[in-house]
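Here's the structure we're looking at; comments come further down.
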Amino acid sequence: MSSRRTYSSSAPKYETRRPGRVYASPPPESYHGPHFDRAMAQEQYWDSIGSREVWDPSKQLSSVAARPETYGLAHSYHESRLEHEYSDPYEKRPSPYTRRAEADYKTYKRPSDGHGEIAEQVRKYKDTPVGRNISPHDFHRDSLLEGKRLAREGRDMSNLAAQSRLGFNQKYPQGYEDLTATENHMKQVRSQIEAARGFRKADNFIDGRLDAFEKQMVRRGRR
């Protein structure tokens with residue numbers, strides 16, 4: 001008995017290339033990834049209401065435009081992960097970007113561009129002097145606490161950047177000039193995941209500095 005899955009005529013067509021991998025070929029007029037079979041209708045709706053909102057995931061919703069009504073609502077038609085089959089020859093899709101694709105692009109660029117500056121600030125706060133030869137003062141604690149706050153903000157922003165970039169890649173798998181640009185995009189995803197790990201390590205490091213600070217306050221009778 002064949003193990004090949006069969007579907008009704010109304011189901012999307014795809015073929016299995018490798019065990020555990022499922023590939024889907026979108027129709028020529030589509031530029032969305034295989035997990036976004038409803039995205040075209042949602043984009044048409046988004047255009048019809050004249051939306052120009054770009055949700056910035058790195059900020060509180062109260063401080064920026066609310067999420068577009070259809071943000072994140074595209075659905076997969078199969079429970080397994082579907083792999084995109086690139087056009088041959090490769091071509092950028094959509095080209096030029098639609099208004100919605102441009103908005104999705106800006107959504108991942110904002111947190112991507114923001115966490116680098118935070119990393120520089122965290123490094124400075126990590127160098128706050130603490131130890132037996134340093135007279136501890138409240139401003140030392142304040143500096144360490146600010147560094148801890150920034151480390152957590154950077155961690156969250158890096159995670160958002162990685163998630164947003166990966167989401168863009170899945171929604172617009174050919175939304176880049178060429179395959180090299182696609183590969184570079186995914187390298188940035190991995191880089192941002194590593195950045196998030198770095199911020200978590202900085203957070204833990206500052207915790208140790210705070211413990212050392214409190215011990216010195218007790219030792220000097222200031223607690």
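Simple scheme: letters A, B, ... for chains in structure tokens order, numbers from 1 for residues in each chain, numbers from 1 for ligands in the order shown.
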Exercise. Any idea what's packed within 10 Å of segment 193-199 of chain A, counting only C-alpha atoms, ignoring anything in its chain fewer than 2 positions away? Could you give it as a PyMOL selection string?
Worked result: chain A and resi 115-116+118-119+122-123+148+150-163+187-191+201-205
Just-selected residues, N, CA and C atoms written as a CSV table (one decimal), in the first residue's frame:
chain,number,residue,atom,x,y,z
A,115,HIS,N,18.4,47.0,18.6
A,115,HIS,CA,19.1,46.3,19.7
A,115,HIS,C,20.6,46.5,19.7
A,116,GLY,N,21.2,46.9,18.6
A,116,GLY,CA,22.6,47.1,18.5
A,116,GLY,C,23.0,48.3,19.4
A,118,ILE,N,21.4,49.3,22.1
A,118,ILE,CA,21.2,48.9,23.5
A,118,ILE,C,22.4,48.1,23.9
A,119,ALA,N,23.0,47.2,23.1
A,119,ALA,CA,24.1,46.4,23.4
A,119,ALA,C,25.3,47.3,23.9
A,122,VAL,N,24.6,48.5,27.4
A,122,VAL,CA,24.7,47.4,28.4
A,122,VAL,C,26.1,47.2,28.7
A,123,ARG,N,27.0,47.2,27.7
A,123,ARG,CA,28.4,47.0,28.0
A,123,ARG,C,29.0,48.0,28.9
A,148,LYS,N,20.7,46.1,33.9
A,148,LYS,CA,19.8,44.9,33.9
A,148,LYS,C,18.5,45.2,33.1
A,150,LEU,N,18.1,47.3,30.6
A,150,LEU,CA,18.4,47.4,29.2
A,150,LEU,C,18.8,46.0,28.6
A,151,ALA,N,19.4,45.2,29.4
A,151,ALA,CA,19.7,43.8,29.0
A,151,ALA,C,18.4,43.1,28.6
A,152,ARG,N,17.4,43.2,29.5
A,152,ARG,CA,16.2,42.5,29.2
A,152,ARG,C,15.4,43.2,28.0
A,153,GLU,N,15.5,44.5,27.9
A,153,GLU,CA,14.9,45.1,26.8
A,153,GLU,C,15.6,44.7,25.5
A,154,GLY,N,16.9,44.6,25.5
A,154,GLY,CA,17.7,44.1,24.3
A,154,GLY,C,17.4,42.7,24.0
A,155,ARG,N,17.2,41.8,25.0
A,155,ARG,CA,16.9,40.4,24.8
A,155,ARG,C,15.5,40.3,24.1
A,156,ASP,N,14.5,41.1,24.6
A,156,ASP,CA,13.2,41.0,24.0
A,156,ASP,C,13.2,41.5,22.6
A,157,MET,N,14.0,42.6,22.4
A,157,MET,CA,14.0,43.2,21.0
A,157,MET,C,14.7,42.3,20.0
A,158,SER,N,15.8,41.6,20.5
A,158,SER,CA,16.5,40.7,19.6
A,158,SER,C,15.6,39.5,19.2
A,159,ASN,N,14.9,39.0,20.2
A,159,ASN,CA,13.9,37.9,19.9
A,159,ASN,C,12.9,38.3,19.0
A,160,LEU,N,12.3,39.6,19.1
A,160,LEU,CA,11.3,40.1,18.2
A,160,LEU,C,11.9,40.2,16.8
A,161,ALA,N,13.1,40.7,16.7
A,161,ALA,CA,13.8,40.9,15.4
A,161,ALA,C,13.9,39.5,14.7
A,162,ALA,N,14.4,38.5,15.5
A,162,ALA,CA,14.5,37.2,14.9
A,162,ALA,C,13.2,36.6,14.4
A,163,GLN,N,12.2,36.7,15.3
A,163,GLN,CA,10.9,36.2,15.0
A,163,GLN,C,10.3,36.9,13.8
A,187,LYS,N,20.9,34.5,7.8
A,187,LYS,CA,22.1,34.7,8.7
A,187,LYS,C,21.8,35.8,9.8
A,188,GLN,N,21.1,36.8,9.4
A,188,GLN,CA,20.7,37.8,10.4
A,188,GLN,C,19.7,37.3,11.4
A,189,VAL,N,18.8,36.4,11.0
A,189,VAL,CA,18.0,35.7,12.0
A,189,VAL,C,18.8,35.0,13.0
A,190,ARG,N,19.8,34.2,12.6
A,190,ARG,CA,20.7,33.5,13.5
A,190,ARG,C,21.5,34.4,14.4
A,191,SER,N,21.9,35.5,13.8
A,191,SER,CA,22.7,36.5,14.5
A,191,SER,C,21.9,37.2,15.6
A,201,LYS,N,23.0,36.5,29.0
A,201,LYS,CA,24.2,36.4,29.7
A,201,LYS,C,24.6,37.7,30.4
A,202,ALA,N,24.4,38.8,29.8
A,202,ALA,CA,24.7,40.1,30.4
A,202,ALA,C,23.8,40.3,31.6
A,203,ASP,N,22.5,39.9,31.5
A,203,ASP,CA,21.5,40.0,32.6
A,203,ASP,C,22.0,39.2,33.8
A,204,ASN,N,22.5,38.0,33.5
A,204,ASN,CA,23.0,37.1,34.6
A,204,ASN,C,24.3,37.7,35.2
A,205,PHE,N,25.1,38.2,34.3
A,205,PHE,CA,26.4,38.8,34.8
A,205,PHE,C,26.1,40.0,35.8
Exercise. Can you list, as a PyMOL selection string, every protein, DNA or RNA residue that comes within 10 Å of Leu210 of chain A when you count only C-alpha atoms, leaving out same-chain residues fewer than 6 positions away?
Worked result: chain A and resi 130+140-145+148+204+216
Let me see the file: selected residues, C-alpha atoms, as a PDB file, in the first residue's frame.
ATOM      1  CA  VAL A 130      32.155  46.821  42.271  1.00  0.00           C
ATOM      2  CA  HIS A 140      26.429  52.057  41.634  1.00  0.00           C
ATOM      3  CA  ARG A 141      23.274  50.083  42.306  1.00  0.00           C
ATOM      4  CA  ASP A 142      21.248  52.400  40.100  1.00  0.00           C
ATOM      5  CA  SER A 143      23.705  51.896  37.240  1.00  0.00           C
ATOM      6  CA  LEU A 144      23.580  48.111  37.582  1.00  0.00           C
ATOM      7  CA  LEU A 145      19.795  48.084  37.715  1.00  0.00           C
ATOM      8  CA  LYS A 148      19.817  44.938  33.870  1.00  0.00           C
ATOM      9  CA  ASN A 204      22.966  37.135  34.617  1.00  0.00           C
ATOM     10  CA  GLN A 216      29.993  45.286  50.135  1.00  0.00           C
TER      11      GLN A 216
END
Seminar exercise, completed: Counting only C-alpha atoms, closest pick from A:Asp113, A:His32, A:Arg99, A:Val218 relative to His137 of chain A is A:Val218
Problem set entry | Contacts of Ala212 of chain A within 10 Å, only C-alpha atoms, excl. fewer than 5 positions in-chain, as a PyMOL selection string | chain A and resi 130-132+136+206-207+217
Now that the selection is made, can you save its residues with C-alpha atoms as a compact mmCIF listing (two decimals), in the first residue's frame?
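Written output follows (out-v2.txt):
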# COMPACT_ATOMS: atom_id res chain seq x y z
CA VAL A 130 32.15 46.82 42.27
CA GLY A 131 34.49 45.06 44.73
CA ARG A 132 36.41 45.19 47.97
CA PRO A 136 29.79 51.23 47.28
CA ILE A 206 24.83 42.00 36.22
CA ASP A 207 22.92 39.92 38.77
CA MET A 217 27.16 47.46 51.47
Exercise. Which residue, A:Arg220, A:Thr128, A:Pro94, A:Arg165, has the smallest gap to Arg110 of chain A when you use only C-alpha atoms?
Worked result: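 Checking each candidate against Arg110 of chain A, we get A:Arg165 as the closest.
The interatomic distance for the pair atom CA of Arg100 of chain A and atom CA of Gln170 of chain A works out to 14.8 Å.
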Problem set entry | alpha helix (DSSP H) call set, DSSP backbone run, segment 83-137 of chain A, as a ChimeraX atom specification | /A:99-126
